[in-house]
$ cat my_file29.cif   # mmCIF, C-alpha atoms
data_coords
loop_
_atom_site.label_atom_id
_atom_site.label_comp_id
_atom_site.auth_asym_id
_atom_site.auth_seq_id
_atom_site.Cartn_x
_atom_site.Cartn_y
_atom_site.Cartn_z
CA MET A 1 -63.59 6.32 33.39
CA GLY A 2 -60.58 5.94 31.14
CA VAL A 3 -62.50 6.23 27.87
CA GLY A 4 -60.63 9.36 26.74
CA LYS A 5 -63.12 12.11 27.58
CA SER A 6 -60.44 14.71 28.26
CA THR A 7 -58.29 13.91 25.24
CA ILE A 8 -61.24 13.76 22.88
CA GLY A 9 -62.88 16.79 24.50
CA MET A 10 -59.77 18.93 24.05
CA ARG A 11 -59.52 18.02 20.38
CA LEU A 12 -63.23 18.57 19.78
CA ALA A 13 -63.04 21.96 21.50
CA ALA A 14 -60.13 22.99 19.28
CA LEU A 15 -61.97 21.82 16.16
CA THR A 16 -65.16 23.69 17.09
CA ASP A 17 -63.41 26.79 18.47
CA LYS A 18 -64.85 26.31 21.95
CA LYS A 19 -63.24 26.34 25.39
CA PHE A 20 -62.47 22.93 26.89
CA ILE A 21 -63.30 22.35 30.56
CA ASP A 22 -62.82 19.18 32.60
CA SER A 23 -65.13 19.06 35.63
CA ASP A 24 -62.71 16.96 37.69
CA SER A 25 -59.93 19.49 37.02
CA GLU A 26 -62.25 22.28 38.13
CA ILE A 27 -62.94 20.42 41.38
CA ILE A 28 -59.20 20.01 41.94
CA ASN A 29 -58.61 23.70 41.19
CA SER A 30 -61.37 24.85 43.54
CA THR A 31 -60.32 22.61 46.45
CA GLY A 32 -56.57 22.58 45.96
CA VAL A 33 -56.45 18.81 46.48
CA SER A 34 -56.67 15.68 44.33
CA ILE A 35 -59.85 13.72 43.67
CA ASP A 36 -58.43 10.69 45.47
CA LEU A 37 -57.77 12.82 48.59
CA ILE A 38 -61.34 14.15 48.48
CA PHE A 39 -62.56 10.54 48.33
CA GLU A 40 -60.26 9.60 51.21
CA ILE A 41 -61.39 12.46 53.46
CA GLU A 42 -65.03 12.98 52.45
CA GLY A 43 -65.90 9.68 50.80
CA GLU A 44 -67.77 9.30 47.55
CA GLU A 45 -70.77 11.17 48.96
CA GLY A 46 -68.67 14.25 49.73
CA PHE A 47 -67.10 14.15 46.30
CA ARG A 48 -70.51 13.83 44.59
CA LYS A 49 -71.78 16.93 46.44
CA ARG A 50 -68.80 18.90 45.14
CA GLU A 51 -69.36 17.45 41.66
CA ASN A 52 -73.04 18.45 41.66
CA SER A 53 -72.12 22.01 42.56
CA ILE A 54 -69.47 22.34 39.85
CA ILE A 55 -71.71 20.74 37.19
CA ALA A 56 -74.48 23.26 37.94
CA GLU A 57 -71.95 26.07 37.57
CA LEU A 58 -70.27 24.76 34.41
CA THR A 59 -73.44 23.86 32.52
CA ALA A 60 -74.55 27.48 32.84
CA LEU A 61 -71.60 28.49 30.63
CA GLU A 62 -71.86 28.77 26.86
CA ASN A 63 -69.53 27.84 24.04
CA ILE A 64 -67.70 25.08 25.91
CA VAL A 65 -66.90 21.41 25.57
CA LEU A 66 -67.27 19.84 29.00
CA ALA A 67 -65.69 16.54 30.02
CA THR A 68 -67.27 15.14 33.17
CA GLY A 69 -66.27 12.47 35.61
CA GLY A 70 -67.64 9.01 34.92
CA GLY A 71 -70.08 9.04 37.83
CA VAL A 72 -71.72 12.35 36.96
CA VAL A 73 -74.79 10.52 35.63
CA LEU A 74 -75.61 9.10 39.07
CA SER A 75 -77.24 12.40 40.05
CA ALA A 76 -80.61 13.29 38.56
CA ASP A 77 -79.72 16.97 39.04
CA ASN A 78 -76.53 16.53 37.03
CA ARG A 79 -78.38 14.70 34.27
CA ALA A 80 -80.95 17.51 34.07
CA CYS A 81 -78.22 20.18 33.93
CA LEU A 82 -76.35 18.33 31.20
CA LYS A 83 -79.47 17.62 29.15
CA ARG A 84 -80.64 21.21 29.07
CA SER A 85 -77.21 22.73 28.47
CA GLY A 86 -76.25 21.19 25.15
CA THR A 87 -75.46 18.04 23.22
CA VAL A 88 -74.49 15.10 25.43
CA ILE A 89 -72.02 12.62 23.97
CA TYR A 90 -71.49 9.18 25.50
CA LEU A 91 -68.10 7.70 24.68
CA LYS A 92 -68.80 4.02 25.12
CA ALA A 93 -66.13 1.35 25.58
CA SER A 94 -66.03 -2.30 26.53
CA PRO A 95 -64.95 -3.23 30.05
CA GLU A 96 -61.84 -4.91 28.63
CA HIS A 97 -60.86 -1.77 26.75
CA LEU A 98 -61.37 0.35 29.87
CA LEU A 99 -59.28 -2.06 31.92
CA GLU A 100 -56.47 -1.84 29.38
CA ARG A 101 -56.58 1.98 29.51
CA THR A 102 -56.63 2.18 33.32
CA VAL A 103 -54.49 -0.79 34.36
CA LYS A 104 -51.55 1.34 35.55
CA ASP A 105 -53.61 4.28 36.81
CA ARG A 106 -53.45 4.69 40.59
CA LYS A 107 -55.40 7.96 40.75
CA ARG A 108 -58.89 6.57 40.25
CA PRO A 109 -60.32 5.92 43.72
CA LEU A 110 -63.07 3.57 42.58
CA LEU A 111 -60.58 1.33 40.76
CA GLN A 112 -58.28 0.74 43.74
CA THR A 113 -59.31 -2.89 44.04
CA ASP A 114 -57.84 -6.30 43.28
CA ASP A 115 -60.60 -6.99 40.74
CA ARG A 116 -60.47 -3.97 38.45
CA LEU A 117 -62.32 -5.68 35.60
CA GLY A 118 -65.09 -6.73 37.97
CA LYS A 119 -65.35 -3.18 39.32
CA ILE A 120 -65.46 -1.70 35.81
CA LYS A 121 -68.24 -4.13 34.84
CA GLU A 122 -70.14 -3.21 38.01
CA LEU A 123 -69.79 0.53 37.28
CA LEU A 124 -70.97 0.07 33.70
CA LYS A 125 -73.92 -2.01 34.84
CA THR A 126 -74.93 0.73 37.28
CA ARG A 127 -74.27 3.65 34.94
CA GLY A 128 -74.72 2.29 31.41
CA ALA A 129 -78.47 2.74 31.11
CA LEU A 130 -78.19 6.26 32.53
CA TYR A 131 -75.52 7.18 29.98
CA GLU A 132 -77.59 5.80 27.12
CA GLU A 133 -80.77 7.54 28.25
CA LEU A 134 -78.98 10.89 28.61
CA ALA A 135 -76.88 10.80 25.45
CA ASP A 136 -77.77 12.59 22.24
CA ILE A 137 -74.85 10.88 20.51
CA ILE A 138 -73.23 7.54 21.37
CA ILE A 139 -69.78 6.76 20.00
CA ILE A 140 -68.13 3.35 20.43
CA THR A 141 -64.45 4.03 21.10
CA ASP A 142 -62.99 0.51 21.14
CA ASP A 143 -60.18 0.09 18.60
CA ARG A 144 -60.62 3.62 17.20
CA ASP A 145 -58.05 6.36 17.27
CA VAL A 146 -58.74 9.78 18.74
CA LYS A 147 -58.80 11.59 15.39
CA ASP A 148 -61.41 9.17 14.02
CA ILE A 149 -63.58 9.55 17.14
CA VAL A 150 -63.38 13.36 17.05
CA ASN A 151 -64.23 13.42 13.34
CA LYS A 152 -67.21 11.11 13.90
CA ILE A 153 -68.53 13.36 16.68
CA TYR A 154 -68.01 16.46 14.55
CA GLN A 155 -69.97 14.89 11.66
CA LYS A 156 -72.87 14.05 14.00
CA LEU A 157 -72.96 17.55 15.46
#
$ encode --input "my_file29.cif" --output "structure tokens"
Amino acid sequence: MGVGKSTIGMRLAALTDKKFIDSDSEIINSTGVSIDLIFEIEGEEGFRKRENSIIAELTALENIVLATGGGVVLSADNRACLKRSGTVIYLKASPEHLLERTVKDRKRPLLQTDDRLGKIKELLKTRGALYEELADIIIITDDRDVKDIVNKIYQKL
């Protein structure tokens, strides 16, 4: 959440001549409402059901770069879909870096709390091992510019 998946994904897609798709954008397009409204009405569980459905659909496509929401790894089904569909890249950042990138963002439902840093640390603790287990490539993004990150991914591919 806030690591730059969409920005980096778009640039990587352009570099590799693939189509870029953001799973959260696809959920918004299919429902006609924002992610935060889905969370408000259906809760996280309702959102995760929608996410699972869209991930199954998108991972069946070929020749794409897919940026997923940060919690996609919480579902074993999602992890299996991602693992069998292509190369999984984990863009890893420190909690402090993520806080800096999301401090003014009011559209991330899970970060609407007084203790954003604490929440980010909690999310990373819950998800970190899953990300690392799933990833084919891990890129540390702290203090690196987008071009450098994209080039590093491209070299590893």
$ resolve_selection --input "my_file29.cif" --expression "the PyMOL selection byres ((chain A and resi 9) around 10)" --output "CSV table (one decimal) with C-alpha atoms, keeping the file's coordinate frame"
chain,number,residue,atom,x,y,z
A,4,GLY,CA,-60.6,9.4,26.7
A,5,LYS,CA,-63.1,12.1,27.6
A,6,SER,CA,-60.4,14.7,28.3
A,7,THR,CA,-58.3,13.9,25.2
A,8,ILE,CA,-61.2,13.8,22.9
A,10,MET,CA,-59.8,18.9,24.0
A,11,ARG,CA,-59.5,18.0,20.4
A,12,LEU,CA,-63.2,18.6,19.8
A,13,ALA,CA,-63.0,22.0,21.5
A,14,ALA,CA,-60.1,23.0,19.3
A,15,LEU,CA,-62.0,21.8,16.2
A,19,LYS,CA,-63.2,26.3,25.4
A,20,PHE,CA,-62.5,22.9,26.9
A,21,ILE,CA,-63.3,22.4,30.6
A,22,ASP,CA,-62.8,19.2,32.6
A,64,ILE,CA,-67.7,25.1,25.9
A,65,VAL,CA,-66.9,21.4,25.6
A,66,LEU,CA,-67.3,19.8,29.0
A,67,ALA,CA,-65.7,16.5,30.0
A,68,THR,CA,-67.3,15.1,33.2
A,146,VAL,CA,-58.7,9.8,18.7
A,150,VAL,CA,-63.4,13.4,17.0
$ resolve_selection --input "my_file29.cif" --expression "the PyMOL selection byres ((chain A and resi 100) around 12)" --output "number ranges by chain"
A: 1-3, 93-99, 101-105, 116-117, 120, 142-143
$ closest_residue --input "my_file29.cif" --among "A:Ile89, A:Ile54, A:Leu74, A:Leu61" --to "A:Tyr154" --atoms "all atoms listed in the file"
A:Ile89
$ residues_around --input "my_file29.cif" --residues "A:Glu57" --least-positions-apart "4" --cutoff "12 Å" --atoms "only C-alpha atoms" --output "PyMOL selection string"
chain A and resi 21+23+26-27+50-53+61-62+66+78+81-82+85
$ write_last_selection --input "my_file29.cif" --atoms "C-alpha atoms" --output "compact mmCIF listing (two decimals), keeping the file's coordinate frame"
# COMPACT_ATOMS: atom_id res chain seq x y z
CA ILE A 21 -63.30 22.35 30.56
CA SER A 23 -65.13 19.06 35.63
CA GLU A 26 -62.25 22.28 38.13
CA ILE A 27 -62.94 20.42 41.38
CA ARG A 50 -68.80 18.90 45.14
CA GLU A 51 -69.36 17.45 41.66
CA ASN A 52 -73.04 18.45 41.66
CA SER A 53 -72.12 22.01 42.56
CA LEU A 61 -71.60 28.49 30.63
CA GLU A 62 -71.86 28.77 26.86
CA LEU A 66 -67.27 19.84 29.00
CA ASN A 78 -76.53 16.53 37.03
CA CYS A 81 -78.22 20.18 33.93
CA LEU A 82 -76.35 18.33 31.20
CA SER A 85 -77.21 22.73 28.47
$ residues_around --input "my_file29.cif" --residues "stretch 37-40 of chain A" --least-positions-apart "2" --cutoff "12 Å" --atoms "all atoms listed in the file" --output "ChimeraX atom specification"
/A:24,27-28,30-35,42-51,107-110,112
$ atom_distance --input "my_file29.cif" --atom1 "atom CA of A:Ala135" --atom2 "atom CA of A:Val72"
12.7 Å
$ resolve_selection --input "my_file29.cif" --expression "the PyMOL selection byres ((chain A and resi 136) around 9)" --output "list of chain:residue names"
A:Lys83, A:Thr87, A:Val88, A:Ile89, A:Tyr90, A:Glu132, A:Glu133, A:Leu134, A:Ala135, A:Ile137, A:Ile138
$ atom_distance --input "my_file29.cif" --atom1 "atom CA of A:Ile55" --atom2 "atom CA of A:Val73"
10.8 Å
$ atom_distance --input "my_file29.cif" --atom1 "atom CA of A:Gly128" --atom2 "atom CA of A:Lys147"
24.4 Å
$ closest_residue --input "my_file29.cif" --among "A:Leu157, A:Gly69, A:Asp145, A:Arg127" --to "A:Thr16" --atoms "only C-alpha atoms"
A:Leu157
$ residues_around --input "my_file29.cif" --residues "A:Thr141" --least-positions-apart "4" --cutoff "7 Å" --atoms "all atoms listed in the file" --output "list of chain:residue names"
A:Leu91, A:Lys92, A:Ala93, A:Ile149
$ closest_residue --input "my_file29.cif" --among "A:Ile153, A:Tyr131, A:Lys18, A:Thr59" --to "A:Gly86" --atoms "only C-alpha atoms"
A:Thr59
$ decode --input "my_file29.cif" --residues "stretch 5-145 of chain A" --atoms "C-alpha atoms" --output "compact mmCIF listing (two decimals), in the first residue's frame"
# COMPACT_ATOMS: atom_id res chain seq x y z
CA LYS A 5 2.85 -0.57 -7.69
CA SER A 6 0.75 1.33 -10.21
CA THR A 7 3.43 3.82 -11.21
CA ILE A 8 6.12 1.16 -11.51
CA GLY A 9 3.72 -1.28 -13.18
CA MET A 10 2.75 1.23 -15.87
CA ARG A 11 6.38 1.95 -16.68
CA LEU A 12 7.31 -1.73 -16.70
CA ALA A 13 4.38 -2.50 -19.00
CA ALA A 14 5.49 0.22 -21.42
CA LEU A 15 9.08 -1.06 -21.36
CA THR A 16 8.02 -4.67 -22.00
CA ASP A 17 5.24 -3.84 -24.49
CA LYS A 18 2.53 -5.35 -22.29
CA LYS A 19 -0.84 -4.04 -21.17
CA PHE A 20 -0.96 -2.56 -17.66
CA ILE A 21 -3.90 -3.48 -15.41
CA ASP A 22 -4.55 -2.37 -11.84
CA SER A 23 -6.85 -4.78 -9.99
CA ASP A 24 -8.27 -2.06 -7.73
CA SER A 25 -9.14 0.05 -10.79
CA GLU A 26 -10.87 -2.96 -12.32
CA ILE A 27 -12.94 -3.40 -9.16
CA ILE A 28 -13.90 0.29 -9.29
CA ASN A 29 -14.80 -0.01 -12.98
CA SER A 30 -16.92 -3.11 -12.45
CA THR A 31 -18.82 -1.75 -9.44
CA GLY A 32 -18.99 1.92 -10.35
CA VAL A 33 -17.97 2.92 -6.82
CA SER A 34 -14.74 3.63 -4.94
CA ILE A 35 -12.84 1.09 -2.87
CA ASP A 36 -13.49 3.08 0.30
CA LEU A 37 -17.27 2.98 -0.38
CA ILE A 38 -17.10 -0.79 -0.90
CA PHE A 39 -15.32 -1.07 2.46
CA GLU A 40 -17.92 1.19 4.07
CA ILE A 41 -20.91 -0.77 2.73
CA GLU A 42 -19.60 -4.34 2.54
CA GLY A 43 -16.65 -4.26 4.93
CA GLU A 44 -13.26 -5.75 4.23
CA GLU A 45 -14.77 -9.21 3.77
CA GLY A 46 -17.05 -7.99 0.97
CA PHE A 47 -14.18 -6.21 -0.71
CA ARG A 48 -11.95 -9.31 -0.49
CA LYS A 49 -14.64 -11.43 -2.20
CA ARG A 50 -14.75 -8.94 -5.07
CA GLU A 51 -10.94 -8.89 -5.17
CA ASN A 52 -10.73 -12.70 -5.34
CA SER A 53 -13.12 -12.75 -8.28
CA ILE A 54 -11.24 -10.08 -10.24
CA ILE A 55 -7.84 -11.66 -9.53
CA ALA A 56 -9.05 -15.02 -10.89
CA GLU A 57 -10.26 -13.24 -14.02
CA LEU A 58 -7.17 -11.06 -14.55
CA THR A 59 -4.59 -13.78 -13.94
CA ALA A 60 -6.13 -15.77 -16.79
CA LEU A 61 -5.04 -13.02 -19.19
CA GLU A 62 -1.71 -13.08 -21.00
CA ASN A 63 0.82 -10.40 -21.84
CA ILE A 64 -0.07 -8.08 -18.96
CA VAL A 65 1.57 -6.38 -16.01
CA LEU A 66 -0.83 -6.58 -13.09
CA ALA A 67 -0.70 -4.31 -10.06
CA THR A 68 -2.71 -5.71 -7.17
CA GLY A 69 -4.01 -4.26 -3.96
CA GLY A 70 -1.78 -4.68 -0.93
CA GLY A 71 -4.00 -7.25 0.76
CA VAL A 72 -4.27 -9.59 -2.22
CA VAL A 73 -1.83 -12.01 -0.57
CA LEU A 74 -4.23 -12.69 2.31
CA SER A 75 -6.16 -15.15 0.13
CA ALA A 76 -4.61 -18.53 -0.63
CA ASP A 77 -6.66 -18.61 -3.85
CA ASN A 78 -5.20 -15.28 -4.94
CA ARG A 79 -1.68 -16.42 -4.15
CA ALA A 80 -2.19 -19.58 -6.21
CA CYS A 81 -3.59 -17.59 -9.16
CA LEU A 82 -0.70 -15.14 -9.06
CA LYS A 83 1.95 -17.84 -8.70
CA ARG A 84 0.78 -19.85 -11.67
CA SER A 85 0.14 -16.86 -13.94
CA GLY A 86 3.59 -15.33 -14.19
CA THR A 87 6.46 -13.66 -12.38
CA VAL A 88 5.48 -12.15 -9.03
CA ILE A 89 7.38 -9.04 -7.95
CA TYR A 90 7.29 -7.79 -4.36
CA LEU A 91 8.05 -4.09 -4.07
CA LYS A 92 9.25 -3.89 -0.49
CA ALA A 93 9.46 -0.69 1.54
CA SER A 94 10.04 0.24 5.15
CA PRO A 95 7.06 1.27 7.27
CA GLU A 96 8.49 4.79 7.54
CA HIS A 97 8.77 5.09 3.77
CA LEU A 98 5.19 3.86 3.33
CA LEU A 99 3.97 6.34 5.93
CA GLU A 100 5.70 9.17 4.10
CA ARG A 101 4.07 8.12 0.80
CA THR A 102 0.57 7.76 2.27
CA VAL A 103 0.46 10.49 4.92
CA LYS A 104 -1.96 12.72 2.98
CA ASP A 105 -3.92 9.92 1.32
CA ARG A 106 -7.52 9.71 2.55
CA LYS A 107 -8.65 7.01 0.11
CA ARG A 108 -7.06 4.01 1.79
CA PRO A 109 -9.69 2.56 4.13
CA LEU A 110 -7.27 0.55 6.26
CA LEU A 111 -5.15 3.64 6.97
CA GLN A 112 -7.97 5.80 8.32
CA THR A 113 -6.63 5.67 11.85
CA ASP A 114 -4.82 7.99 14.25
CA ASP A 115 -1.80 5.67 14.31
CA ARG A 116 -0.96 5.20 10.64
CA LEU A 117 2.59 4.04 11.29
CA GLY A 118 1.34 1.45 13.77
CA LYS A 119 -1.25 0.23 11.27
CA ILE A 120 1.34 0.01 8.48
CA LYS A 121 3.64 -2.02 10.75
CA GLU A 122 0.74 -4.30 11.66
CA LEU A 123 -0.16 -4.83 7.99
CA LEU A 124 3.45 -5.61 7.09
CA LYS A 125 3.74 -8.03 9.98
CA THR A 126 0.61 -9.85 8.81
CA ARG A 127 1.45 -9.77 5.10
CA GLY A 128 5.25 -9.62 4.88
CA ALA A 129 5.96 -13.34 5.08
CA LEU A 130 3.23 -14.04 2.53
CA TYR A 131 4.71 -11.50 0.11
CA GLU A 132 8.19 -12.97 0.50
CA GLU A 133 7.00 -16.55 0.07
CA LEU A 134 5.04 -15.67 -3.08
CA ALA A 135 7.58 -13.40 -4.77
CA ASP A 136 9.91 -14.48 -7.53
CA ILE A 137 11.67 -11.11 -7.34
CA ILE A 138 11.96 -8.79 -4.34
CA ILE A 139 12.93 -5.16 -4.90
CA ILE A 140 13.63 -2.76 -2.03
CA THR A 141 12.14 0.58 -3.06
CA ASP A 142 13.27 2.86 -0.22
CA ASP A 143 15.26 5.86 -1.48
CA ARG A 144 15.19 4.66 -5.11
CA ASP A 145 13.60 6.46 -8.01
